>>> print(open('data_32.cif').read())   # mmCIF, C-alpha atoms and all ligand atoms
data_structure
loop_
_atom_site.label_atom_id
_atom_site.label_comp_id
_atom_site.auth_asym_id
_atom_site.auth_seq_id
_atom_site.Cartn_x
_atom_site.Cartn_y
_atom_site.Cartn_z
CA MET A 1 -221.25 25.62 -55.33
CA ASP A 2 -221.48 29.34 -54.62
CA HIS A 3 -219.19 32.34 -54.72
CA PHE A 4 -219.41 33.32 -51.04
CA GLN A 5 -216.06 32.10 -49.77
CA LEU A 6 -213.51 32.96 -47.11
CA ARG A 7 -210.40 34.79 -48.29
CA ASN A 8 -207.71 35.87 -45.84
CA GLY A 9 -210.06 35.03 -42.99
CA GLU A 10 -213.05 37.03 -44.17
CA LEU A 11 -216.13 36.29 -46.22
CA TYR A 12 -216.21 37.60 -49.78
CA CYS A 13 -218.84 37.63 -52.47
CA GLU A 14 -216.79 36.94 -55.59
CA ASP A 15 -213.98 39.55 -55.36
CA VAL A 16 -215.71 41.90 -52.94
CA PRO A 17 -215.36 41.67 -49.15
CA LEU A 18 -218.84 41.59 -47.61
CA ALA A 19 -217.60 43.99 -44.94
CA GLU A 20 -216.95 46.60 -47.64
CA ILE A 21 -220.58 46.40 -48.78
CA ALA A 22 -221.84 46.52 -45.18
CA GLU A 23 -219.77 49.65 -44.62
CA ALA A 24 -221.27 51.36 -47.66
CA VAL A 25 -224.93 50.30 -47.61
CA GLU A 26 -225.28 49.37 -43.93
CA THR A 27 -227.15 46.32 -42.68
CA PRO A 28 -229.31 44.36 -43.06
CA ALA A 29 -228.77 43.92 -46.81
CA TYR A 30 -229.20 41.16 -49.37
CA ILE A 31 -226.13 40.41 -51.48
CA TYR A 32 -226.32 38.35 -54.69
CA SER A 33 -223.54 36.83 -56.77
CA THR A 34 -223.77 37.06 -60.56
CA ALA A 35 -221.21 34.25 -60.98
CA THR A 36 -223.36 31.94 -58.87
CA LEU A 37 -226.50 32.78 -60.85
CA VAL A 38 -224.67 32.08 -64.10
CA ARG A 39 -223.21 28.87 -62.75
CA HIS A 40 -226.57 27.55 -61.59
CA VAL A 41 -228.13 28.22 -65.00
CA GLU A 42 -225.22 26.52 -66.76
CA VAL A 43 -225.35 23.50 -64.45
CA LEU A 44 -229.06 23.08 -65.13
CA GLN A 45 -228.66 23.59 -68.89
CA SER A 46 -225.94 21.00 -69.03
CA ALA A 47 -227.96 18.60 -66.86
CA LEU A 48 -230.74 18.83 -69.47
CA HIS A 49 -228.42 17.96 -72.36
CA GLY A 50 -229.99 15.80 -74.99
CA ILE A 51 -233.44 17.30 -74.39
CA PRO A 52 -234.37 19.16 -77.58
CA ASN A 53 -235.11 22.87 -77.15
CA PRO A 54 -236.18 22.87 -73.49
CA LEU A 55 -237.77 26.07 -72.19
CA ILE A 56 -236.36 26.98 -68.80
CA ALA A 57 -238.87 29.41 -67.33
CA TYR A 58 -237.42 30.85 -64.13
CA ALA A 59 -240.03 31.09 -61.33
CA VAL A 60 -240.02 34.85 -60.86
CA LYS A 61 -241.62 34.73 -57.43
CA ALA A 62 -238.40 33.29 -55.96
CA ASN A 63 -236.56 36.56 -56.60
CA PRO A 64 -238.17 39.18 -58.82
CA ASN A 65 -235.48 41.88 -58.63
CA ALA A 66 -235.10 43.54 -62.05
CA ALA A 67 -231.32 43.05 -62.07
CA VAL A 68 -231.65 39.35 -61.23
CA LEU A 69 -234.24 38.95 -64.01
CA ALA A 70 -232.06 40.86 -66.46
CA THR A 71 -229.10 38.59 -65.62
CA LEU A 72 -231.23 35.51 -66.26
CA ALA A 73 -232.78 37.01 -69.41
CA GLN A 74 -229.29 37.47 -70.85
CA LEU A 75 -228.68 33.77 -70.26
CA GLY A 76 -231.76 32.97 -72.33
CA LEU A 77 -234.15 32.02 -69.55
CA GLY A 78 -237.90 32.50 -69.78
CA ALA A 79 -240.22 33.21 -66.86
CA ASP A 80 -242.84 31.33 -64.89
CA VAL A 81 -245.14 34.03 -63.51
CA VAL A 82 -248.07 34.03 -61.11
CA SER A 83 -249.42 37.56 -61.55
CA GLY A 84 -249.79 40.37 -64.03
CA GLY A 85 -247.13 42.20 -62.06
CA GLU A 86 -244.64 39.40 -62.65
CA ILE A 87 -245.41 39.50 -66.39
CA GLN A 88 -244.67 43.23 -66.38
CA ARG A 89 -241.45 42.75 -64.44
CA SER A 90 -240.31 39.96 -66.76
CA LEU A 91 -240.98 41.95 -69.92
CA ALA A 92 -239.29 45.03 -68.43
CA ALA A 93 -236.20 42.92 -67.70
CA GLY A 94 -235.99 41.73 -71.29
CA ILE A 95 -237.66 38.31 -71.08
CA PRO A 96 -239.71 37.92 -74.28
CA ALA A 97 -243.42 37.10 -73.95
CA GLU A 98 -242.97 33.91 -75.96
CA LYS A 99 -240.90 32.55 -73.06
CA ILE A 100 -243.44 33.43 -70.36
CA VAL A 101 -245.71 30.84 -68.72
CA PHE A 102 -248.62 32.12 -66.65
CA SER A 103 -249.41 29.94 -63.60
CA GLY A 104 -251.62 30.50 -60.56
CA VAL A 105 -255.10 29.61 -59.26
CA GLY A 106 -256.48 33.13 -59.14
CA LYS A 107 -255.75 34.82 -62.46
CA THR A 108 -258.18 37.72 -62.87
CA GLU A 109 -259.83 38.72 -66.14
CA ALA A 110 -257.65 41.85 -66.25
CA GLU A 111 -254.51 39.74 -65.86
CA MET A 112 -255.73 37.32 -68.55
CA ARG A 113 -256.41 40.19 -70.94
CA TYR A 114 -252.96 41.66 -70.33
CA ALA A 115 -251.24 38.29 -70.81
CA LEU A 116 -253.15 37.75 -74.08
CA GLU A 117 -252.23 41.23 -75.31
CA VAL A 118 -248.53 40.68 -74.76
CA GLY A 119 -248.77 37.12 -76.10
CA VAL A 120 -247.46 34.77 -73.40
CA PHE A 121 -246.34 31.29 -74.38
CA GLN A 122 -248.83 29.38 -72.24
CA PHE A 123 -251.53 29.70 -69.60
CA ASN A 124 -251.49 26.92 -67.03
CA LEU A 125 -255.15 26.50 -66.10
CA GLU A 126 -256.13 25.25 -62.67
CA SER A 127 -259.93 24.89 -62.93
CA LEU A 128 -262.79 24.57 -65.41
CA ASP A 129 -264.13 27.92 -64.31
CA GLU A 130 -260.80 29.50 -65.16
CA ALA A 131 -260.90 27.81 -68.57
CA ASP A 132 -264.37 29.27 -69.24
CA THR A 133 -263.30 32.74 -68.17
CA LEU A 134 -260.09 32.68 -70.20
CA SER A 135 -261.98 31.49 -73.24
CA SER A 136 -264.42 34.36 -73.06
CA VAL A 137 -261.69 36.93 -72.44
CA ALA A 138 -259.73 35.55 -75.40
CA THR A 139 -262.80 35.53 -77.64
CA SER A 140 -263.56 39.14 -76.77
CA THR A 141 -259.94 40.03 -77.59
CA GLY A 142 -260.12 38.13 -80.88
CA VAL A 143 -257.35 35.61 -80.08
CA ARG A 144 -256.99 32.04 -78.89
CA ALA A 145 -255.21 31.42 -75.62
CA PRO A 146 -252.56 28.66 -75.65
CA VAL A 147 -253.31 26.48 -72.63
CA ALA A 148 -252.29 23.53 -70.52
CA PHE A 149 -254.05 22.21 -67.44
CA ARG A 150 -252.00 21.92 -64.30
CA VAL A 151 -252.77 18.44 -63.09
CA ASN A 152 -252.51 17.27 -59.55
CA PRO A 153 -251.01 13.77 -59.55
CA ASP A 154 -251.75 13.20 -55.84
CA VAL A 155 -248.22 12.38 -54.76
CA ALA A 156 -246.78 13.47 -51.42
CA ALA A 157 -243.78 15.67 -52.12
CA ASP A 158 -241.97 14.88 -48.87
CA THR A 159 -241.33 18.53 -48.02
CA HIS A 160 -242.74 21.15 -45.62
CA ALA A 161 -246.57 21.18 -45.62
CA LYS A 162 -246.67 24.87 -46.62
CA ILE A 163 -244.79 24.16 -49.85
CA THR A 164 -246.48 20.87 -50.77
CA THR A 165 -248.80 21.44 -53.73
CA GLY A 166 -249.48 18.10 -55.38
CA VAL A 167 -251.61 16.18 -52.89
CA ALA A 168 -255.32 15.62 -53.52
CA GLU A 169 -256.56 18.22 -51.01
CA SER A 170 -254.26 20.93 -52.38
CA LYS A 171 -255.78 24.12 -53.85
CA PHE A 172 -253.60 23.70 -56.93
CA GLY A 173 -254.41 22.12 -60.25
CA ILE A 174 -257.13 19.65 -61.21
CA ALA A 175 -257.12 16.02 -60.11
CA ILE A 176 -255.29 13.97 -62.73
CA ASP A 177 -258.26 11.59 -62.98
CA ASP A 178 -260.49 14.52 -63.94
CA ALA A 179 -258.07 15.72 -66.61
CA PRO A 180 -259.55 13.91 -69.64
CA ALA A 181 -262.96 15.49 -68.95
CA ALA A 182 -261.34 18.88 -68.38
CA TYR A 183 -259.52 18.69 -71.73
CA ALA A 184 -262.74 17.62 -73.46
CA HIS A 185 -264.48 20.61 -71.91
CA ALA A 186 -261.67 23.00 -72.92
CA SER A 187 -261.47 21.66 -76.47
CA ALA A 188 -265.07 22.76 -76.97
CA LEU A 189 -264.32 26.34 -75.87
CA PRO A 190 -263.80 28.76 -78.76
CA GLY A 191 -261.13 30.93 -77.12
CA LEU A 192 -258.70 28.19 -76.11
CA SER A 193 -256.02 26.31 -77.98
CA ILE A 194 -254.86 23.25 -76.07
CA GLN A 195 -251.12 22.70 -76.29
CA GLY A 196 -249.88 21.03 -73.14
CA VAL A 197 -249.96 19.49 -69.70
CA ALA A 198 -248.37 20.97 -66.57
CA VAL A 199 -247.42 19.66 -63.15
CA HIS A 200 -245.67 21.13 -60.10
CA ILE A 201 -245.84 19.11 -56.89
CA GLY A 202 -244.00 21.31 -54.40
CA SER A 203 -240.82 23.08 -53.48
CA GLN A 204 -237.52 22.22 -51.78
CA LEU A 205 -237.87 18.58 -52.84
CA THR A 206 -234.98 16.51 -51.54
CA ASN A 207 -235.90 13.26 -53.20
CA LEU A 208 -236.50 12.45 -56.88
CA ALA A 209 -239.00 9.65 -56.22
CA PRO A 210 -242.15 11.83 -55.92
CA LEU A 211 -241.13 13.76 -59.04
CA GLU A 212 -240.57 10.55 -60.96
CA GLN A 213 -243.95 9.23 -59.79
CA ALA A 214 -245.65 12.45 -60.86
CA PHE A 215 -243.93 12.57 -64.27
CA THR A 216 -244.82 8.93 -64.91
CA LYS A 217 -248.48 9.73 -64.31
CA VAL A 218 -248.19 12.75 -66.63
CA GLY A 219 -246.73 10.53 -69.35
CA GLU A 220 -249.70 8.18 -69.06
CA LEU A 221 -252.06 11.12 -69.18
CA ILE A 222 -250.43 12.49 -72.35
CA ALA A 223 -250.96 9.14 -74.09
CA LYS A 224 -254.59 9.04 -72.98
CA LEU A 225 -255.28 12.62 -74.03
CA ARG A 226 -253.76 11.99 -77.47
CA SER A 227 -255.88 8.87 -77.87
CA GLU A 228 -258.86 11.16 -77.32
CA GLY A 229 -257.68 13.53 -80.03
CA ARG A 230 -255.99 16.22 -77.97
CA ASP A 231 -252.95 17.89 -79.49
CA ILE A 232 -250.36 17.79 -76.69
CA ARG A 233 -247.07 19.41 -77.73
CA VAL A 234 -245.75 20.77 -74.43
CA ALA A 235 -245.12 19.18 -71.04
CA ASP A 236 -244.37 21.57 -68.21
CA LEU A 237 -242.58 19.67 -65.45
CA GLY A 238 -242.63 22.54 -62.95
CA GLY A 239 -239.87 23.38 -60.50
CA GLY A 240 -239.25 22.24 -56.98
CA LEU A 241 -235.75 20.80 -56.94
CA GLY A 242 -234.27 21.44 -53.49
CA VAL A 243 -231.03 23.18 -52.65
CA PRO A 244 -228.62 22.40 -49.79
CA TYR A 245 -229.42 24.73 -46.89
CA ASN A 246 -227.68 22.64 -44.26
CA PRO A 247 -224.34 21.18 -45.35
CA ASP A 248 -224.59 18.55 -42.61
CA LEU A 249 -227.73 17.00 -44.09
CA PRO A 250 -227.73 14.73 -47.14
CA HIS A 251 -227.57 16.84 -50.31
CA PRO A 252 -230.72 17.13 -52.42
CA PRO A 253 -230.55 15.31 -55.76
CA SER A 254 -228.19 16.93 -58.22
CA PRO A 255 -229.48 18.61 -61.39
CA GLU A 256 -227.52 15.93 -63.26
CA ASP A 257 -229.53 13.13 -61.56
CA TYR A 258 -232.73 15.07 -62.16
CA GLY A 259 -231.86 15.46 -65.86
CA GLU A 260 -231.10 11.75 -66.14
CA MET A 261 -234.48 10.86 -64.58
CA VAL A 262 -236.33 13.32 -66.82
CA ARG A 263 -234.65 11.95 -69.97
CA ARG A 264 -235.55 8.42 -68.94
CA ILE A 265 -239.20 9.13 -68.12
CA THR A 266 -239.94 11.48 -71.03
CA ARG A 267 -238.01 9.62 -73.75
CA ASP A 268 -241.07 8.78 -75.85
CA TRP A 269 -243.24 11.76 -75.07
CA ASP A 270 -242.46 13.72 -78.24
CA VAL A 271 -243.18 17.10 -76.63
CA ARG A 272 -241.30 20.30 -75.87
CA LEU A 273 -240.31 20.14 -72.20
CA LEU A 274 -240.72 23.16 -69.99
CA PHE A 275 -239.03 23.61 -66.61
CA GLU A 276 -239.85 26.14 -63.90
CA PRO A 277 -236.90 26.27 -61.49
CA GLY A 278 -236.85 29.04 -58.90
CA ARG A 279 -234.90 28.16 -55.78
CA LEU A 280 -232.39 26.07 -57.72
CA ILE A 281 -231.27 29.13 -59.68
CA VAL A 282 -231.23 31.83 -57.00
CA GLY A 283 -231.23 30.11 -53.59
CA ASN A 284 -227.52 29.78 -53.09
CA ALA A 285 -226.76 32.94 -55.06
CA GLY A 286 -227.69 35.20 -52.17
CA VAL A 287 -226.93 35.96 -48.53
CA LEU A 288 -228.55 38.23 -46.01
CA LEU A 289 -225.86 40.33 -44.40
CA SER A 290 -226.60 41.45 -40.86
CA ARG A 291 -224.83 42.95 -37.86
CA VAL A 292 -225.00 41.73 -34.29
CA VAL A 293 -226.70 44.41 -32.17
CA ARG A 294 -225.97 42.80 -28.84
CA VAL A 295 -225.64 39.47 -27.11
CA LYS A 296 -228.03 38.80 -24.24
CA PRO A 297 -227.65 35.96 -21.77
CA GLY A 298 -230.30 33.22 -22.05
CA ALA A 299 -231.44 30.40 -19.76
CA ALA A 300 -229.83 27.70 -21.88
CA HIS A 301 -227.87 29.61 -24.51
CA PRO A 302 -227.03 33.24 -25.23
CA PHE A 303 -229.28 35.22 -27.58
CA VAL A 304 -227.41 36.75 -30.48
CA ILE A 305 -229.65 39.67 -31.42
CA VAL A 306 -229.03 40.71 -35.01
CA ASP A 307 -230.29 43.72 -36.95
CA ALA A 308 -232.12 41.51 -39.47
CA ALA A 309 -235.55 40.22 -38.50
CA MET A 310 -238.47 38.10 -39.67
CA ASN A 311 -239.68 40.99 -41.84
CA ASP A 312 -236.42 40.76 -43.82
CA LEU A 313 -236.22 36.97 -43.94
CA MET A 314 -239.53 35.30 -43.28
CA ARG A 315 -238.63 31.71 -44.16
CA PRO A 316 -237.70 30.54 -40.64
CA ALA A 317 -240.97 31.90 -39.18
CA LEU A 318 -243.09 30.74 -42.13
CA TYR A 319 -241.57 27.37 -43.00
CA ASP A 320 -239.36 26.53 -40.00
CA ALA A 321 -236.56 27.02 -42.49
CA TRP A 322 -232.94 26.48 -41.51
CA HIS A 323 -230.35 28.97 -42.76
CA LYS A 324 -226.66 28.58 -42.06
CA ILE A 325 -225.38 31.63 -40.18
CA ASP A 326 -221.68 32.38 -40.54
CA ALA A 327 -219.49 35.11 -39.12
CA VAL A 328 -218.09 37.35 -41.85
CA ARG A 329 -214.78 37.45 -39.94
CA PRO A 330 -214.76 34.14 -38.04
CA THR A 331 -212.34 33.88 -35.14
CA GLY A 332 -212.34 30.09 -35.33
CA GLU A 333 -214.14 29.89 -32.01
CA GLN A 334 -217.58 28.20 -32.01
CA TRP A 335 -220.40 28.33 -29.52
CA THR A 336 -224.03 27.32 -29.16
CA ALA A 337 -226.44 30.24 -29.37
CA ASN A 338 -229.94 31.36 -30.30
CA VAL A 339 -230.09 33.89 -33.12
CA VAL A 340 -233.04 36.28 -33.03
CA GLY A 341 -234.16 39.55 -34.58
CA PRO A 342 -235.52 42.68 -32.90
CA VAL A 343 -239.18 42.22 -33.96
CA CYS A 344 -241.72 41.82 -31.17
CA GLU A 345 -242.77 38.26 -32.02
CA THR A 346 -241.43 35.02 -30.62
CA GLY A 347 -241.49 33.76 -34.21
CA ASP A 348 -238.71 36.22 -34.95
CA THR A 349 -236.19 33.49 -34.23
CA PHE A 350 -233.65 32.46 -36.85
CA ALA A 351 -231.91 29.68 -34.96
CA THR A 352 -232.28 27.86 -31.65
CA ALA A 353 -229.39 26.10 -29.88
CA ARG A 354 -227.30 26.54 -33.00
CA LYS A 355 -223.66 25.52 -33.05
CA MET A 356 -222.09 28.41 -34.95
CA ASP A 357 -219.27 30.92 -35.09
CA ARG A 358 -218.93 32.85 -31.86
CA THR A 359 -219.91 36.48 -32.39
CA SER A 360 -220.07 39.67 -30.35
CA ALA A 361 -221.84 43.01 -30.69
CA GLY A 362 -220.81 44.79 -33.88
CA ASP A 363 -219.77 41.63 -35.75
CA LEU A 364 -221.19 40.92 -39.19
CA VAL A 365 -222.94 37.65 -39.94
CA ALA A 366 -224.20 36.19 -43.23
CA PHE A 367 -227.40 34.15 -43.50
CA LYS A 368 -226.53 31.78 -46.32
CA THR A 369 -228.79 30.47 -49.10
CA ALA A 370 -230.94 33.60 -48.90
CA GLY A 371 -231.40 34.29 -52.60
CA ALA A 372 -234.82 32.64 -52.97
CA TYR A 373 -238.13 33.47 -51.24
CA ALA A 374 -236.22 35.88 -49.04
CA ALA A 375 -236.04 39.53 -50.20
CA ALA A 376 -239.10 38.68 -52.29
CA MET A 377 -241.14 38.21 -49.11
CA SER A 378 -239.64 41.07 -47.11
CA SER A 379 -241.89 43.66 -45.52
CA THR A 380 -241.66 46.71 -43.31
CA TYR A 381 -243.33 45.13 -40.27
CA ASN A 382 -242.44 46.91 -37.03
CA SER A 383 -241.75 50.04 -39.15
CA ARG A 384 -238.44 48.66 -40.25
CA PRO A 385 -236.98 50.02 -43.50
CA LEU A 386 -237.33 47.73 -46.52
CA THR A 387 -234.02 45.90 -46.82
CA PRO A 388 -231.81 46.82 -49.78
CA GLU A 389 -230.41 44.42 -52.36
CA VAL A 390 -226.93 44.45 -53.90
CA LEU A 391 -225.62 42.57 -56.93
CA VAL A 392 -221.94 41.66 -57.19
CA ASP A 393 -220.19 40.84 -60.46
CA GLY A 394 -216.50 40.08 -60.08
CA SER A 395 -214.98 43.09 -58.33
CA SER A 396 -217.95 45.34 -59.12
CA TRP A 397 -221.08 45.75 -57.08
CA ALA A 398 -224.20 47.85 -57.33
CA ILE A 399 -227.28 48.56 -55.27
CA ILE A 400 -230.16 46.98 -57.19
CA ARG A 401 -232.84 48.06 -54.71
CA PRO A 402 -232.10 50.86 -52.30
CA ARG A 403 -233.21 50.76 -48.72
CA VAL A 404 -236.73 52.23 -48.43
CA GLY A 405 -236.47 54.40 -45.35
CA ILE A 406 -238.99 55.27 -42.69
CA GLU A 407 -239.64 58.76 -44.15
CA SER A 408 -240.83 57.14 -47.39
CA LEU A 409 -243.05 54.75 -45.46
CA ILE A 410 -244.63 57.57 -43.47
CA ALA A 411 -245.02 59.66 -46.63
CA ALA A 412 -246.93 56.81 -48.29
CA ASP A 413 -249.67 56.96 -45.64
CA ARG A 414 -252.52 59.49 -45.91
CA ILE A 415 -254.23 61.35 -43.09
CA PRO A 416 -257.99 61.77 -43.77
CA ASP A 417 -259.43 65.29 -43.55
CA TRP A 418 -261.19 64.71 -40.24
CA LEU A 419 -257.87 63.95 -38.55
CA LYS A 420 -255.87 66.73 -40.11
CA ALA A 421 -256.71 69.30 -37.44
CA THR A 422 -255.09 67.19 -34.75
CA ALA A 423 -252.39 65.32 -36.67
C1 LIG B 501 -243.12 28.33 -56.97
C2 LIG B 501 -243.31 27.62 -58.24
C3 LIG B 501 -242.21 27.14 -58.95
C4 LIG B 501 -240.80 27.24 -58.46
O1 LIG B 501 -240.55 26.41 -57.38
P1 LIG B 501 -239.06 26.18 -56.86
O2 LIG B 501 -239.22 25.28 -55.73
O3 LIG B 501 -238.54 27.52 -56.44
O4 LIG B 501 -238.28 25.62 -57.99
C5 LIG B 501 -242.45 26.55 -60.18
N1 LIG B 501 -243.70 26.42 -60.68
C6 LIG B 501 -244.79 26.85 -60.00
C7 LIG B 501 -246.14 26.68 -60.60
C8 LIG B 501 -244.63 27.46 -58.78
O5 LIG B 501 -245.71 27.89 -58.09
#
>>> encode(input="data_32.cif", output="structure tokens")
Amino acid sequence: MDHFQLRNGELYCEDVPLAEIAEAVETPAYIYSTATLVRHVEVLQSALHGIPNPLIAYAVKANPNAAVLATLAQLGLGADVVSGGEIQRSLAAGIPAEKIVFSGVGKTEAEMRYALEVGVFQFNLESLDEADTLSSVATSTGVRAPVAFRVNPDVAADTHAKITTGVAESKFGIAIDDAPAAYAHASALPGLSIQGVAVHIGSQLTNLAPLEQAFTKVGELIAKLRSEGRDIRVADLGGGLGVPYNPDLPHPPSPEDYGEMVRRITRDWDVRLLFEPGRLIVGNAGVLLSRVVRVKPGAAHPFVIVDAAMNDLMRPALYDAWHKIDAVRPTGEQWTANVVGPVCETGDTFATARKMDRTSAGDLVAFKTAGAYAAAMSSTYNSRPLTPEVLVDGSSWAIIRPRVGIESLIAADRIPDWLKATA
């Protein structure tokens, strides 16, 4: 459930009409609902009832805005980070280091040193080479790094290829069959302190079966590692639970069903469980608000040309993602249209032959479920200003990232001396 609902025939975010925000900050703009963020956290927490002291480490890459992180920090969430920058952002937003998990295949020595200095909860290692490097960085810093290996259980996640991470040929993790040797190797390294096992098989999963298969393999691995003398106290089950983008498709499994499965599979593990949800927390807490520039006739269907483009919302171009597109003031009339942005790429297409609210030039539309992997991936391609973000809380709203205008973009470039005479 989200807090973007029609009231008196127009779309609101909580108690604020979206049209009011569009008037003030112009479009395109991302709008987030605090009440939806809070609700998603509470739904997940309650779905995990009975699990002692779980650490919910929000996957910062899904939406790293400082105000979003601060909202989640206040609710007690930790952070799953994939760069030194995300550690800095998380700390700045009030997430304590002891709730930060550092994932990623390409951690640099500088990032490792920084993470050790601030004292993150766990490093999720993805290769033996990384283990060696972390050990030597930790030794030179005079500390021991708390580590888990991210294991690759070789299960197909049944999602888009670009967000599948747990199959054998994936760049992520180490093959689960190689894990005992990897832990033996790591246990001999002076700078590491083994504490856990981690797994994350992909994103936007719409079926619990691959997760259950992966967790079952992790449970077997934990028993094997313990039998070989490894001290396993933490199991990081990753993120990946899908959210409903298209209300006409079967809903992804509920957090409640996920929690039930996790309780069942992990009952005898005797570990602290760690979760890394991203999309589940922020996906449906955001919309991308956009205005129709014009409508152009098309061979099969009209083109609704909106002022948002693939640089603002990359998911359709990158993942063939489907976002519901609703009129902010629907007339009740529907039509079939293509929705495209102004960028000079055919990939700048949000919807093809879409049955949707009929709209005309000047109308506002909302791209739903645009809180995750949306603003986070936005760019200024085609010299388009960086899209602003707004957070709503009840009847209040605030700009949480202003639009970065073209003057700032030009000012960020530098003309070398040899061009200055002519520029
Ligand atoms: C991206 C990512 C997540 C979050 O995935 P969601 O599908 O947004 O829940 C969690 N853990 C790791 C290691 C990730 O890379």
>>> residues_around(input="data_32.cif", residues="range 368-381 of chain A", least_positions_apart="3", cutoff="7 Å", atoms="all atoms listed in the file", output="number ranges by chain")
A: 32, 61-64, 245, 279, 282-288, 311-315, 323-325, 384-386
>>> closest_residue(input="data_32.cif", among="A:Asn124, A:Thr141, A:Thr336, A:Asn207", to="Leu237 in chain A", atoms="only C-alpha atoms")
A:Asn124
>>> residues_near_ligand(input="data_32.cif", ligand="ligand LIG 501 (chain B)", cutoff="7 Å", atoms="all atoms listed in the file", output="ChimeraX atom specification")
/A:59,61-62,80,103-104,200,202-204,238-242,276-280
>>> residues_around(input="data_32.cif", residues="range 182-193 of chain A", least_positions_apart="2", cutoff="9 Å", atoms="only C-alpha atoms", output="PDB file with C-alpha atoms, in the frame of the given file")
ATOM      1  CA  SER A 127    -259.930  24.890 -62.930  1.00  0.00           C
ATOM      2  CA  LEU A 128    -262.790  24.570 -65.410  1.00  0.00           C
ATOM      3  CA  ALA A 131    -260.900  27.810 -68.570  1.00  0.00           C
ATOM      4  CA  ASP A 132    -264.370  29.270 -69.240  1.00  0.00           C
ATOM      5  CA  LEU A 134    -260.090  32.680 -70.200  1.00  0.00           C
ATOM      6  CA  SER A 135    -261.980  31.490 -73.240  1.00  0.00           C
ATOM      7  CA  SER A 136    -264.420  34.360 -73.060  1.00  0.00           C
ATOM      8  CA  VAL A 137    -261.690  36.930 -72.440  1.00  0.00           C
ATOM      9  CA  ALA A 138    -259.730  35.550 -75.400  1.00  0.00           C
ATOM     10  CA  THR A 139    -262.800  35.530 -77.640  1.00  0.00           C
ATOM     11  CA  SER A 140    -263.560  39.140 -76.770  1.00  0.00           C
ATOM     12  CA  GLY A 142    -260.120  38.130 -80.880  1.00  0.00           C
ATOM     13  CA  VAL A 143    -257.350  35.610 -80.080  1.00  0.00           C
ATOM     14  CA  ARG A 144    -256.990  32.040 -78.890  1.00  0.00           C
ATOM     15  CA  ALA A 145    -255.210  31.420 -75.620  1.00  0.00           C
ATOM     16  CA  PRO A 146    -252.560  28.660 -75.650  1.00  0.00           C
ATOM     17  CA  VAL A 147    -253.310  26.480 -72.630  1.00  0.00           C
ATOM     18  CA  ALA A 148    -252.290  23.530 -70.520  1.00  0.00           C
ATOM     19  CA  PHE A 149    -254.050  22.210 -67.440  1.00  0.00           C
ATOM     20  CA  ILE A 174    -257.130  19.650 -61.210  1.00  0.00           C
ATOM     21  CA  ASP A 178    -260.490  14.520 -63.940  1.00  0.00           C
ATOM     22  CA  ALA A 179    -258.070  15.720 -66.610  1.00  0.00           C
ATOM     23  CA  PRO A 180    -259.550  13.910 -69.640  1.00  0.00           C
ATOM     24  CA  GLN A 195    -251.120  22.700 -76.290  1.00  0.00           C
ATOM     25  CA  LEU A 225    -255.280  12.620 -74.030  1.00  0.00           C
ATOM     26  CA  GLU A 228    -258.860  11.160 -77.320  1.00  0.00           C
ATOM     27  CA  ARG A 230    -255.990  16.220 -77.970  1.00  0.00           C
TER      28      ARG A 230
END
>>> closest_residue(input="data_32.cif", among="A:Glu333, A:Asp154, A:Glu14, A:Glu98", to="Pro210 in chain A", atoms="all atoms listed in the file")
A:Asp154
>>> closest_residue(input="data_32.cif", among="A:Ile281, A:Lys217, A:Ala175, A:Asn8", to="Thr331 in chain A", atoms="only C-alpha atoms")
A:Asn8
>>> residues_around(input="data_32.cif", residues="Ala66 in chain A", least_positions_apart="4", cutoff="12 Å", atoms="only C-alpha atoms", output="list in words")
Val60, Lys61, Ala70, Thr71, Leu72, Ala73, Glu86, Ile87, Gln88, Arg89, Ser90, Leu91, Ala92, Ala93, Gly94, Ile95, Ala376, Glu389, Val390, Leu391, Ile399, Ile400 and Arg401 of chain A
>>> write_last_selection(input="data_32.cif", atoms="C-alpha atoms", output="PDB file, in the coordinates of the input")
ATOM      1  CA  VAL A  60    -240.020  34.850 -60.860  1.00  0.00           C
ATOM      2  CA  LYS A  61    -241.620  34.730 -57.430  1.00  0.00           C
ATOM      3  CA  ALA A  70    -232.060  40.860 -66.460  1.00  0.00           C
ATOM      4  CA  THR A  71    -229.100  38.590 -65.620  1.00  0.00           C
ATOM      5  CA  LEU A  72    -231.230  35.510 -66.260  1.00  0.00           C
ATOM      6  CA  ALA A  73    -232.780  37.010 -69.410  1.00  0.00           C
ATOM      7  CA  GLU A  86    -244.640  39.400 -62.650  1.00  0.00           C
ATOM      8  CA  ILE A  87    -245.410  39.500 -66.390  1.00  0.00           C
ATOM      9  CA  GLN A  88    -244.670  43.230 -66.380  1.00  0.00           C
ATOM     10  CA  ARG A  89    -241.450  42.750 -64.440  1.00  0.00           C
ATOM     11  CA  SER A  90    -240.310  39.960 -66.760  1.00  0.00           C
ATOM     12  CA  LEU A  91    -240.980  41.950 -69.920  1.00  0.00           C
ATOM     13  CA  ALA A  92    -239.290  45.030 -68.430  1.00  0.00           C
ATOM     14  CA  ALA A  93    -236.200  42.920 -67.700  1.00  0.00           C
ATOM     15  CA  GLY A  94    -235.990  41.730 -71.290  1.00  0.00           C
ATOM     16  CA  ILE A  95    -237.660  38.310 -71.080  1.00  0.00           C
ATOM     17  CA  ALA A 376    -239.100  38.680 -52.290  1.00  0.00           C
ATOM     18  CA  GLU A 389    -230.410  44.420 -52.360  1.00  0.00           C
ATOM     19  CA  VAL A 390    -226.930  44.450 -53.900  1.00  0.00           C
ATOM     20  CA  LEU A 391    -225.620  42.570 -56.930  1.00  0.00           C
ATOM     21  CA  ILE A 399    -227.280  48.560 -55.270  1.00  0.00           C
ATOM     22  CA  ILE A 400    -230.160  46.980 -57.190  1.00  0.00           C
ATOM     23  CA  ARG A 401    -232.840  48.060 -54.710  1.00  0.00           C
TER      24      ARG A 401
END
